[in-house]
file entry23.csv (CSV, C-alpha atoms)
chain,number,residue,atom,x,y,z
V,2,MET,CA,0.0,0.0,0.0
V,3,ARG,CA,1.3,3.5,-0.8
V,4,LYS,CA,1.6,6.1,1.9
V,5,PHE,CA,-1.6,7.8,3.2
V,6,CYS,CA,-2.5,10.6,0.9
V,7,GLY,CA,-5.2,12.2,3.0
V,8,PHE,CA,-9.0,12.6,2.5
V,9,VAL,CA,-9.0,15.6,0.2
V,10,GLY,CA,-12.5,15.8,-1.2
V,11,LEU,CA,-12.6,16.4,-4.9
V,12,ALA,CA,-8.8,17.2,-5.1
V,13,SER,CA,-6.6,15.3,-7.6
V,14,VAL,CA,-5.9,12.3,-5.4
V,15,LEU,CA,-4.1,10.3,-8.0
V,16,SER,CA,-1.8,13.2,-8.9
V,17,LEU,CA,-1.0,13.8,-5.3
V,18,CYS,CA,-0.1,10.2,-4.8
V,19,GLY,CA,1.9,9.8,-8.0
V,20,LEU,CA,-0.5,7.3,-9.6
V,21,SER,CA,-2.0,7.0,-13.0
V,22,GLY,CA,-5.0,5.1,-14.2
V,23,LEU,CA,-5.1,2.0,-16.5
V,24,ALA,CA,-7.8,1.1,-18.9
V,25,ARG,CA,-9.8,-2.1,-18.3
V,26,ALA,CA,-7.7,-4.0,-20.9
V,27,GLN,CA,-4.7,-2.8,-22.9
V,28,GLN,CA,-2.6,-4.5,-25.6
V,29,TYR,CA,1.2,-4.3,-25.5
V,30,THR,CA,3.7,-5.3,-28.1
V,31,VAL,CA,7.1,-6.3,-26.5
V,32,SER,CA,10.0,-6.1,-28.9
V,33,PHE,CA,13.7,-6.4,-28.1
V,34,ASP,CA,16.4,-6.5,-30.8
V,35,THR,CA,19.1,-7.4,-28.2
V,36,PRO,CA,18.8,-8.9,-24.7
V,37,THR,CA,19.4,-7.1,-21.5
V,38,LEU,CA,21.7,-9.9,-20.4
V,39,ASP,CA,23.0,-13.1,-22.0
V,40,ARG,CA,25.3,-15.4,-20.1
V,41,TRP,CA,26.9,-18.8,-20.7
V,42,MET,CA,26.0,-20.9,-17.7
V,43,TYR,CA,28.9,-23.3,-17.7
V,44,PRO,CA,31.1,-24.2,-14.7
V,45,PHE,CA,34.4,-23.4,-16.5
V,46,ASN,CA,33.3,-20.2,-18.1
V,47,SER,CA,36.2,-17.8,-17.3
V,48,THR,CA,34.7,-14.8,-19.0
V,49,PRO,CA,31.1,-14.5,-17.8
V,50,GLY,CA,29.1,-11.8,-19.5
V,51,ILE,CA,31.7,-11.1,-22.2
V,52,GLU,CA,31.8,-14.4,-24.1
V,53,THR,CA,31.3,-13.9,-27.8
V,54,THR,CA,29.7,-17.3,-28.6
V,55,ILE,CA,27.6,-19.4,-26.3
V,56,PRO,CA,27.8,-23.2,-26.8
V,57,THR,CA,24.9,-25.4,-25.6
V,58,PHE,CA,25.7,-29.1,-25.0
V,59,GLY,CA,25.2,-32.1,-22.8
V,60,ALA,CA,27.5,-34.1,-20.5
V,61,ILE,CA,25.1,-36.9,-20.1
V,62,LEU,CA,25.7,-39.1,-17.1
V,63,VAL,CA,29.2,-37.7,-16.7
V,64,ASP,CA,30.2,-37.6,-13.0
V,65,GLY,CA,30.2,-34.1,-11.5
V,66,PHE,CA,28.4,-32.5,-14.5
V,67,ASP,CA,24.8,-31.7,-15.2
V,68,ASP,CA,23.3,-33.7,-18.1
V,69,ARG,CA,22.4,-30.3,-19.6
V,70,ASP,CA,25.9,-28.9,-19.2
V,71,GLY,CA,26.4,-25.7,-21.3
V,72,GLN,CA,23.2,-23.6,-20.9
V,73,PHE,CA,22.4,-20.2,-22.4
V,74,LEU,CA,20.7,-17.7,-20.1
V,75,LEU,CA,18.8,-14.9,-21.7
V,76,GLY,CA,17.2,-11.9,-19.9
V,77,PHE,CA,14.9,-9.1,-21.1
V,78,ASP,CA,13.9,-6.3,-18.8
V,79,THR,CA,10.4,-5.1,-19.7
V,80,PRO,CA,9.7,-1.8,-17.8
V,81,GLY,CA,8.9,0.8,-20.3
V,82,GLN,CA,7.2,-1.7,-22.7
V,83,VAL,CA,4.7,-3.2,-20.3
V,84,PRO,CA,3.4,-1.9,-16.9
V,85,THR,CA,5.1,-3.6,-14.0
V,86,GLY,CA,3.9,-4.2,-10.4
V,87,LEU,CA,0.4,-5.3,-11.3
V,88,ASP,CA,-1.1,-8.5,-9.9
V,89,ALA,CA,0.2,-11.4,-12.1
V,90,SER,CA,-3.4,-12.5,-12.9
V,91,ARG,CA,-3.8,-9.3,-15.0
V,92,TYR,CA,-1.2,-10.3,-17.6
V,93,VAL,CA,-2.3,-12.5,-20.5
V,94,ILE,CA,0.5,-13.6,-22.9
V,95,ASN,CA,-1.0,-14.1,-26.3
V,96,SER,CA,2.2,-15.0,-28.1
V,97,MET,CA,5.9,-15.1,-27.4
V,98,ARG,CA,8.9,-15.8,-29.7
V,99,VAL,CA,12.6,-15.9,-28.8
V,100,THR,CA,15.0,-15.8,-31.7
V,101,ALA,CA,18.7,-16.9,-31.3
V,102,TYR,CA,21.4,-17.1,-34.1
V,103,ILE,CA,23.7,-20.0,-34.7
V,104,SER,CA,27.4,-19.0,-34.5
V,105,ALA,CA,29.1,-22.3,-35.4
V,106,ASN,CA,29.1,-22.9,-39.2
V,107,ASN,CA,27.8,-26.4,-40.2
V,108,GLN,CA,28.6,-27.8,-36.8
V,109,TRP,CA,25.2,-28.8,-35.6
V,110,GLN,CA,22.7,-30.9,-37.5
V,111,TYR,CA,19.2,-29.5,-37.4
V,112,ASP,CA,16.7,-31.5,-35.2
V,113,PRO,CA,13.3,-29.8,-34.9
V,114,SER,CA,11.6,-32.6,-33.0
V,115,TYR,CA,11.1,-33.5,-29.4
V,116,ASP,CA,13.2,-36.4,-28.1
V,117,ALA,CA,12.1,-38.5,-25.2
V,118,VAL,CA,14.5,-38.8,-22.3
V,119,SER,CA,14.8,-42.5,-22.8
V,120,THR,CA,16.6,-41.9,-26.1
V,121,LEU,CA,19.5,-40.6,-24.0
V,122,TYR,CA,19.8,-43.7,-21.8
V,123,PRO,CA,22.7,-46.1,-22.4
V,124,THR,CA,21.8,-48.5,-25.1
V,125,THR,CA,22.2,-51.3,-22.6
V,126,ASP,CA,19.5,-49.8,-20.4
V,127,PRO,CA,16.3,-51.9,-20.6
V,128,ASP,CA,14.3,-48.6,-20.9
V,129,TYR,CA,16.4,-47.2,-23.8
V,130,THR,CA,14.5,-46.3,-26.9
V,131,PRO,CA,16.3,-45.4,-30.2
V,132,ASP,CA,16.2,-41.8,-31.4
V,133,ALA,CA,14.3,-41.7,-34.8
V,134,ASP,CA,16.3,-38.7,-36.0
V,135,VAL,CA,19.9,-37.6,-36.4
V,136,ASN,CA,20.6,-35.3,-33.5
V,137,ASN,CA,19.1,-33.6,-30.5
V,138,PRO,CA,16.8,-30.6,-30.5
V,139,VAL,CA,17.5,-27.2,-29.0
V,140,GLU,CA,15.0,-26.3,-26.3
V,141,LEU,CA,13.8,-23.3,-24.4
V,142,TYR,CA,13.0,-23.5,-20.7
V,143,ALA,CA,12.2,-21.2,-17.8
V,144,ALA,CA,15.0,-20.1,-15.5
V,145,GLY,CA,15.1,-21.4,-11.9
V,146,TYR,CA,17.3,-20.1,-9.1
V,147,ARG,CA,19.2,-21.4,-6.1
V,148,ASN,CA,22.0,-20.2,-3.8
V,149,GLY,CA,20.1,-17.1,-2.8
V,150,GLN,CA,19.8,-15.8,-6.3
V,151,SER,CA,16.8,-14.5,-8.2
V,152,ALA,CA,16.0,-12.8,-11.5
V,153,ALA,CA,16.4,-9.5,-9.6
V,154,THR,CA,19.9,-10.3,-8.3
V,155,PHE,CA,21.6,-12.5,-10.9
V,156,THR,CA,23.6,-10.6,-13.5
V,157,GLU,CA,25.8,-11.5,-16.4
V,158,THR,CA,28.9,-11.5,-14.2
V,159,SER,CA,27.4,-13.2,-11.1
V,160,ALA,CA,29.1,-16.4,-9.9
V,161,TYR,CA,28.1,-19.6,-11.6
V,162,SER,CA,27.6,-21.2,-8.1
V,163,THR,CA,28.6,-20.8,-4.5
V,164,VAL,CA,30.5,-24.1,-4.9
V,165,PRO,CA,34.0,-24.0,-6.5
V,166,PRO,CA,34.1,-25.5,-10.0
V,167,ILE,CA,36.9,-27.9,-9.2
V,168,PRO,CA,36.3,-30.7,-8.4
V,169,PRO,CA,33.1,-30.5,-10.6
V,170,VAL,CA,29.8,-31.0,-8.8
V,171,ASN,CA,26.4,-31.3,-10.5
V,172,ARG,CA,23.2,-29.6,-9.3
V,173,VAL,CA,24.9,-26.5,-7.9
V,174,ARG,CA,24.5,-23.9,-10.7
V,175,SER,CA,22.8,-20.7,-9.4
V,176,VAL,CA,20.5,-20.5,-12.5
V,177,PHE,CA,19.2,-23.6,-14.2
V,178,ALA,CA,16.8,-24.7,-16.9
V,179,ALA,CA,13.5,-25.3,-15.1
V,180,VAL,CA,9.9,-26.2,-15.5
V,181,TYR,CA,7.4,-24.5,-13.1
V,182,ASP,CA,4.0,-25.5,-11.8
V,183,THR,CA,1.2,-23.0,-11.7
V,184,ALA,CA,2.0,-22.2,-8.1
V,185,GLY,CA,5.5,-21.1,-9.0
V,186,ASN,CA,7.5,-24.1,-7.8
V,187,ALA,CA,10.6,-24.8,-10.0
V,188,THR,CA,11.9,-28.2,-11.0
V,189,ASP,CA,15.5,-28.4,-12.2
V,190,VAL,CA,15.6,-30.3,-15.5
V,191,SER,CA,19.4,-30.1,-15.9
V,192,ASP,CA,19.8,-33.7,-14.7
V,193,GLN,CA,16.7,-35.2,-16.1
V,194,VAL,CA,18.6,-38.2,-17.7
V,195,ARG,CA,20.0,-39.1,-14.3
V,196,ASP,CA,16.6,-38.5,-12.7
V,197,ARG,CA,14.8,-40.4,-15.5
V,198,PHE,CA,11.9,-38.1,-16.2
V,199,ASP,CA,10.4,-36.6,-19.3
V,200,THR,CA,9.5,-32.9,-19.4
V,201,THR,CA,8.0,-30.5,-21.9
V,202,PRO,CA,10.1,-27.4,-22.9
V,203,MET,CA,8.5,-24.0,-23.4
V,204,ALA,CA,9.5,-24.3,-27.1
V,205,THR,CA,11.7,-26.2,-29.4
V,206,GLY,CA,14.0,-24.3,-31.9
V,207,GLN,CA,12.6,-24.3,-35.4
V,208,ASN,CA,13.4,-22.8,-38.8
V,209,PRO,CA,11.2,-23.8,-41.7
V,210,ALA,CA,14.0,-23.1,-44.2
V,211,LEU,CA,15.9,-26.0,-42.8
V,212,THR,CA,15.4,-29.8,-43.2
V,213,ALA,CA,16.0,-32.3,-40.5
V,214,GLY,CA,19.6,-33.5,-40.4
V,215,GLN,CA,20.9,-30.5,-42.4
V,216,ALA,CA,24.1,-28.9,-41.2
V,217,VAL,CA,23.2,-25.5,-40.0
V,218,PRO,CA,25.1,-22.5,-41.4
V,219,ASP,CA,26.5,-19.6,-39.4
V,220,GLY,CA,24.0,-16.8,-38.8
V,221,THR,CA,20.9,-19.1,-39.1
V,222,PRO,CA,18.1,-18.0,-36.8
V,223,LEU,CA,16.3,-20.5,-34.6
V,224,TYR,CA,12.8,-19.5,-33.6
V,225,PHE,CA,11.4,-20.6,-30.2
V,226,ASP,CA,7.6,-20.1,-30.3
V,227,VAL,CA,6.4,-20.5,-26.8
V,228,ASN,CA,3.4,-22.7,-26.0
V,229,VAL,CA,1.5,-19.9,-24.2
V,230,SER,CA,-1.6,-22.2,-23.8
V,231,ASP,CA,0.2,-24.0,-21.0
V,232,PRO,CA,-1.1,-22.6,-17.7
V,233,ALA,CA,2.2,-23.0,-15.9
V,234,THR,CA,4.0,-21.1,-18.7
V,235,GLN,CA,1.4,-18.4,-18.6
V,236,ALA,CA,1.9,-18.1,-14.8
V,237,TYR,CA,5.7,-18.0,-15.1
V,238,LEU,CA,5.7,-15.3,-17.7
V,239,ALA,CA,3.0,-13.3,-16.0
V,240,ARG,CA,5.1,-13.2,-12.8
V,241,GLY,CA,8.1,-12.1,-15.0
V,242,LEU,CA,6.1,-9.2,-16.5
V,243,SER,CA,4.9,-8.1,-13.1
V,244,GLU,CA,8.5,-8.0,-11.9
V,245,GLY,CA,9.7,-6.5,-15.2
V,246,ARG,CA,12.1,-9.4,-16.0
V,247,ILE,CA,11.6,-12.2,-18.5
V,248,ARG,CA,14.3,-14.9,-18.1
V,249,VAL,CA,14.7,-18.0,-20.3
V,250,ILE,CA,17.3,-20.6,-20.9
V,251,ILE,CA,18.3,-22.3,-24.2
V,252,THR,CA,19.7,-25.7,-23.8
V,253,SER,CA,20.6,-28.9,-25.7
V,254,PHE,CA,21.6,-32.5,-25.0
V,255,SER,CA,23.8,-32.5,-28.2
V,256,PRO,CA,27.2,-34.0,-27.1
V,257,ALA,CA,30.3,-32.0,-26.8
V,258,SER,CA,32.1,-34.9,-28.6
V,259,GLY,CA,30.9,-36.3,-31.8
V,260,GLN,CA,29.6,-39.8,-31.4
V,261,GLY,CA,31.5,-41.0,-34.6
V,262,GLY,CA,30.8,-37.8,-36.5
V,263,PRO,CA,32.4,-34.3,-36.6
V,264,ASN,CA,33.7,-33.2,-33.3
V,265,PRO,CA,32.0,-31.3,-31.8
V,266,MET,CA,28.3,-31.5,-32.9
V,267,TYR,CA,26.6,-29.1,-30.6
V,268,PRO,CA,24.8,-25.8,-31.4
V,269,ALA,CA,26.5,-22.5,-30.4
V,270,PHE,CA,24.9,-19.1,-30.5
V,271,TYR,CA,25.9,-15.4,-30.9
V,272,SER,CA,26.0,-13.3,-27.8
V,273,LYS,CA,25.3,-9.6,-27.8
V,274,GLU,CA,29.0,-9.0,-27.1
V,275,ASN,CA,30.0,-10.6,-30.4
V,276,ALA,CA,31.3,-7.8,-32.7
V,277,LEU,CA,29.2,-9.1,-35.5
V,278,ALA,CA,25.9,-9.2,-33.5
V,279,PRO,CA,25.0,-5.5,-33.8
V,280,VAL,CA,26.3,-5.3,-37.4
V,281,LEU,CA,24.4,-8.3,-38.7
V,282,GLY,CA,21.5,-8.3,-36.2
V,283,TYR,CA,22.6,-11.6,-34.6
V,284,ALA,CA,21.8,-10.8,-31.0
V,285,ALA,CA,19.0,-12.8,-29.4
V,286,LYS,CA,15.6,-11.2,-29.8
V,287,LEU,CA,12.2,-11.3,-27.9
V,288,ASN,CA,8.8,-10.6,-29.3
V,289,MET,CA,5.6,-10.8,-27.2
V,290,ASP,CA,2.0,-9.8,-27.5
V,291,VAL,CA,0.5,-9.1,-24.1
V,292,THR,CA,-2.9,-8.1,-22.8
V,293,VAL,CA,-3.1,-6.4,-19.5
V,294,THR,CA,-6.6,-6.8,-18.1
V,295,GLY,CA,-8.5,-4.8,-15.5
V,296,PRO,CA,-8.7,-6.0,-11.9
V,297,THR,CA,-11.3,-8.6,-11.0
V,298,CYS,CA,-13.1,-6.0,-8.9
V,299,ASP,CA,-14.4,-3.0,-10.8
V,300,PRO,CA,-12.5,0.2,-10.0
V,301,ASP,CA,-14.4,2.1,-12.8
V,302,VAL,CA,-16.9,3.4,-10.2
V,303,ASN,CA,-18.1,6.3,-12.4
V,304,GLN,CA,-18.6,3.9,-15.4
V,305,ASP,CA,-16.8,6.0,-18.0
V,306,GLY,CA,-14.8,3.0,-19.3
V,307,VAL,CA,-11.5,3.7,-17.7
V,308,ALA,CA,-10.1,3.4,-14.1
V,309,ASP,CA,-8.4,6.7,-13.3
V,310,GLN,CA,-8.5,9.8,-11.1
V,311,GLY,CA,-12.1,10.5,-12.0
V,312,ASP,CA,-13.2,7.3,-10.2
V,313,VAL,CA,-11.4,8.4,-7.0
V,314,ASP,CA,-13.0,11.8,-7.2
V,315,TYR,CA,-16.4,10.2,-7.8
V,316,LEU,CA,-16.0,7.8,-4.8
V,317,ILE,CA,-15.0,10.6,-2.5
V,318,ASN,CA,-18.0,12.6,-3.6
V,319,VAL,CA,-20.3,9.6,-2.9
V,320,ILE,CA,-18.8,9.0,0.6
V,321,ALA,CA,-19.3,12.7,1.4
V,322,GLY,CA,-23.0,12.3,0.6
V,323,GLY,CA,-22.9,13.7,-2.9
V,324,GLU,CA,-24.9,12.6,-6.0
V,325,ASN,CA,-24.4,9.0,-7.1
V,326,PRO,CA,-26.1,8.5,-10.5
V,327,ASN,CA,-24.2,5.3,-11.2
V,328,ASN,CA,-25.1,3.7,-7.8
V,329,ALA,CA,-21.5,3.1,-7.0
V,330,ASN,CA,-20.8,1.0,-3.9
V,331,ALA,CA,-19.2,3.5,-1.5
V,332,ASP,CA,-17.9,0.6,0.7
V,333,PHE,CA,-15.4,-0.4,-2.0
V,334,ASN,CA,-13.3,-2.5,0.4
V,335,ASN,CA,-16.4,-4.2,1.9
V,336,ASP,CA,-15.5,-3.6,5.5
V,337,GLY,CA,-19.0,-2.3,6.4
V,338,VAL,CA,-18.2,1.4,6.4
V,339,ALA,CA,-17.7,4.0,3.7
V,340,ASP,CA,-14.6,6.0,4.6
V,341,GLN,CA,-11.0,6.8,3.8
V,342,GLY,CA,-10.1,3.1,3.7
V,343,ASP,CA,-12.3,2.7,0.6
V,344,VAL,CA,-10.5,5.6,-1.2
V,345,ASP,CA,-7.1,4.0,-0.3
V,346,ALA,CA,-8.3,0.6,-1.6
V,347,LEU,CA,-9.6,2.1,-4.8
V,348,ILE,CA,-6.3,4.0,-5.4
V,349,ASN,CA,-4.3,0.8,-4.7
V,350,VAL,CA,-6.4,-1.2,-7.3
V,351,ILE,CA,-6.1,1.5,-10.0
V,352,ALA,CA,-2.3,1.5,-9.4
V,353,GLY,CA,-2.2,-2.2,-10.1
V,354,GLY,CA,-2.7,-3.7,-6.6
V,355,ALA,CA,-5.0,-6.6,-5.8
V,356,CYS,CA,-8.7,-6.2,-5.2
V,357,PRO,CA,-9.7,-5.9,-1.5
call {"tool": "encode", "arguments": {"input": "entry23.csv", "output": "structure tokens"}}
result
Amino acid sequence: MRKFCGFVGLASVLSLCGLSGLARAQQYTVSFDTPTLDRWMYPFNSTPGIETTIPTFGAILVDGFDDRDGQFLLGFDTPGQVPTGLDASRYVINSMRVTAYISANNQWQYDPSYDAVSTLYPTTDPDYTPDADVNNPVELYAAGYRNGQSAATFTETSAYSTVPPIPPVNRVRSVFAAVYDTAGNATDVSDQVRDRFDTTPMATGQNPALTAGQAVPDGTPLYFDVNVSDPATQAYLARGLSEGRIRVIITSFSPASGQGGPNPMYPAFYSKENALAPVLGYAAKLNMDVTVTGPTCDPDVNQDGVADQGDVDYLINVIAGGENPNNANADFNNDGVADQGDVDALINVIAGGACP
């Protein structure tokens, strides 16, 4: 709740309190041509935040390493493009695409399809299933945090972990590829081969100009079109927009060594620090279409189609015994009395707070 602004009759309450109204529903187009941060999440990265290319690869069932070993953290700070601080339930993500550009020429063979985790088990494992295609896809996940870190605190140059990299230890990275449930609980998917569970990424990298098995040229974009129909994904992204920080991780199980083919075979990506990125437009990009809805209660007490200062003035007038042609409920916070508390509650809702 903001500071008490005083019961000031028909004065400009919202202006005095530094607030502005929001329409019942507004559309926003989020567009970034370069990320706020991009970081190689790899235990032996000696140049965090300034690497020019970011490899993504697996170290499957290798002692001391996560199965998803080299991960690519991307961050986009959204204040200025979408209002922040609103209740997360008010954000509806209609579409979202992340684009990242391959930086290793003809090194990785394109795989646009989902692979079950059992395709990564040893061939001697009774639950092993053969992979029907040539390689491993590149996948997009949410970002999870440990070691006291969060989206608000972790930067490009933050430590990979609180645990020293030597000897290597798995499950210690401060930011990890994750899936969330609708309540906001994160599950680390970095060791899902060891842990023997399947999961669904937010998106799998696609490019319709490529064919499966094709060696991918330098500069080729991969498009990650997020499945926004998933409730947990909606909830994760809505929380991110409320905080003003969208964070995602690109990852792959492609091996760092070549399994009989070229060595290596993993996909690597341009970072924004690469000298060619600003020249050729190869920095990672974010595009979102977002609807910000009105609150579940109705702050438009004067029924003019927008929740703003006029509604506060109207409610003050009603509480003071003035005319009420719209039959507004003066007890906005439903505490049994019409008073300053109702004005404060209305201001809070208009400013993006929860309904009383």
call {"tool": "atom_distance", "arguments": {"input": "entry23.csv", "atom1": "atom CA of V:Gly59", "atom2": "atom CA of V:Leu238"}}
result
26.2 Å
call {"tool": "atom_distance", "arguments": {"input": "entry23.csv", "atom1": "atom CA of V:Thr212", "atom2": "atom CA of V:Phe254"}}
result
19.4 Å
call {"tool": "residues_around", "arguments": {"input": "entry23.csv", "residues": "stretch 295-302 of chain V", "least_positions_apart": "3", "cutoff": "7 Å", "atoms": "all atoms listed in the file", "output": "list in words"}}
result
Ala24, Arg25, Ala26, Arg91, Asp305, Gly306, Val307, Ala308, Asp312, Ala329, Leu347, Val350, Ile351 and Cys356 of chain V
call {"tool": "atom_distance", "arguments": {"input": "entry23.csv", "atom1": "atom CA of V:Arg246", "atom2": "atom CA of V:Arg172"}}
result
24.0 Å
call {"tool": "closest_residue", "arguments": {"input": "entry23.csv", "among": "V:Asn228, V:Gln27, V:Asn275, V:Ser162", "to": "V:Met42", "atoms": "only C-alpha atoms"}}
result
V:Ser162
call {"tool": "closest_atom_pairs", "arguments": {"input": "entry23.csv", "of": "stretch 21-92 of chain V", "to": "stretch 123-139 of chain V", "cutoff": "10 Å", "atoms": "only C-alpha atoms", "output": "Markdown table"}}
result
| residue | atom | partner | partner_atom | distance |
| --- | --- | --- | --- | --- |
| V:Thr57 | CA | V:Val139 | CA | 8.3 |
| V:Phe58 | CA | V:Val139 | CA | 9.3 |
| V:Gly59 | CA | V:Asn137 | CA | 9.9 |
| V:Ile61 | CA | V:Pro123 | CA | 9.8 |
| V:Leu62 | CA | V:Pro123 | CA | 9.3 |
call {"tool": "residues_around", "arguments": {"input": "entry23.csv", "residues": "stretch 165-171 of chain V", "least_positions_apart": "5", "cutoff": "9 Å", "atoms": "only C-alpha atoms", "output": "ChimeraX atom specification"}}
result
/V:44-45,64-68,191-192
call {"tool": "closest_residue", "arguments": {"input": "entry23.csv", "among": "V:Ala187, V:Ile247, V:Ala257, V:Val293", "to": "V:Gly353", "atoms": "only C-alpha atoms"}}
result
V:Val293
call {"tool": "residues_around", "arguments": {"input": "entry23.csv", "residues": "V:Val180", "least_positions_apart": "2", "cutoff": "12 Å", "atoms": "all atoms listed in the file", "output": "VMD selection string"}}
result
chain V and resid 140 to 146 177 to 178 182 to 191 193 199 to 204 231 to 238 249 to 250
call {"tool": "closest_residue", "arguments": {"input": "entry23.csv", "among": "V:Asn106, V:Thr30, V:Ser253, V:Gln215", "to": "V:Thr292", "atoms": "all atoms listed in the file"}}
result
V:Thr30
call {"tool": "closest_residue", "arguments": {"input": "entry23.csv", "among": "V:Pro49, V:Tyr111, V:Val164, V:Gln150", "to": "V:Ala210", "atoms": "only C-alpha atoms"}}
result
V:Tyr111
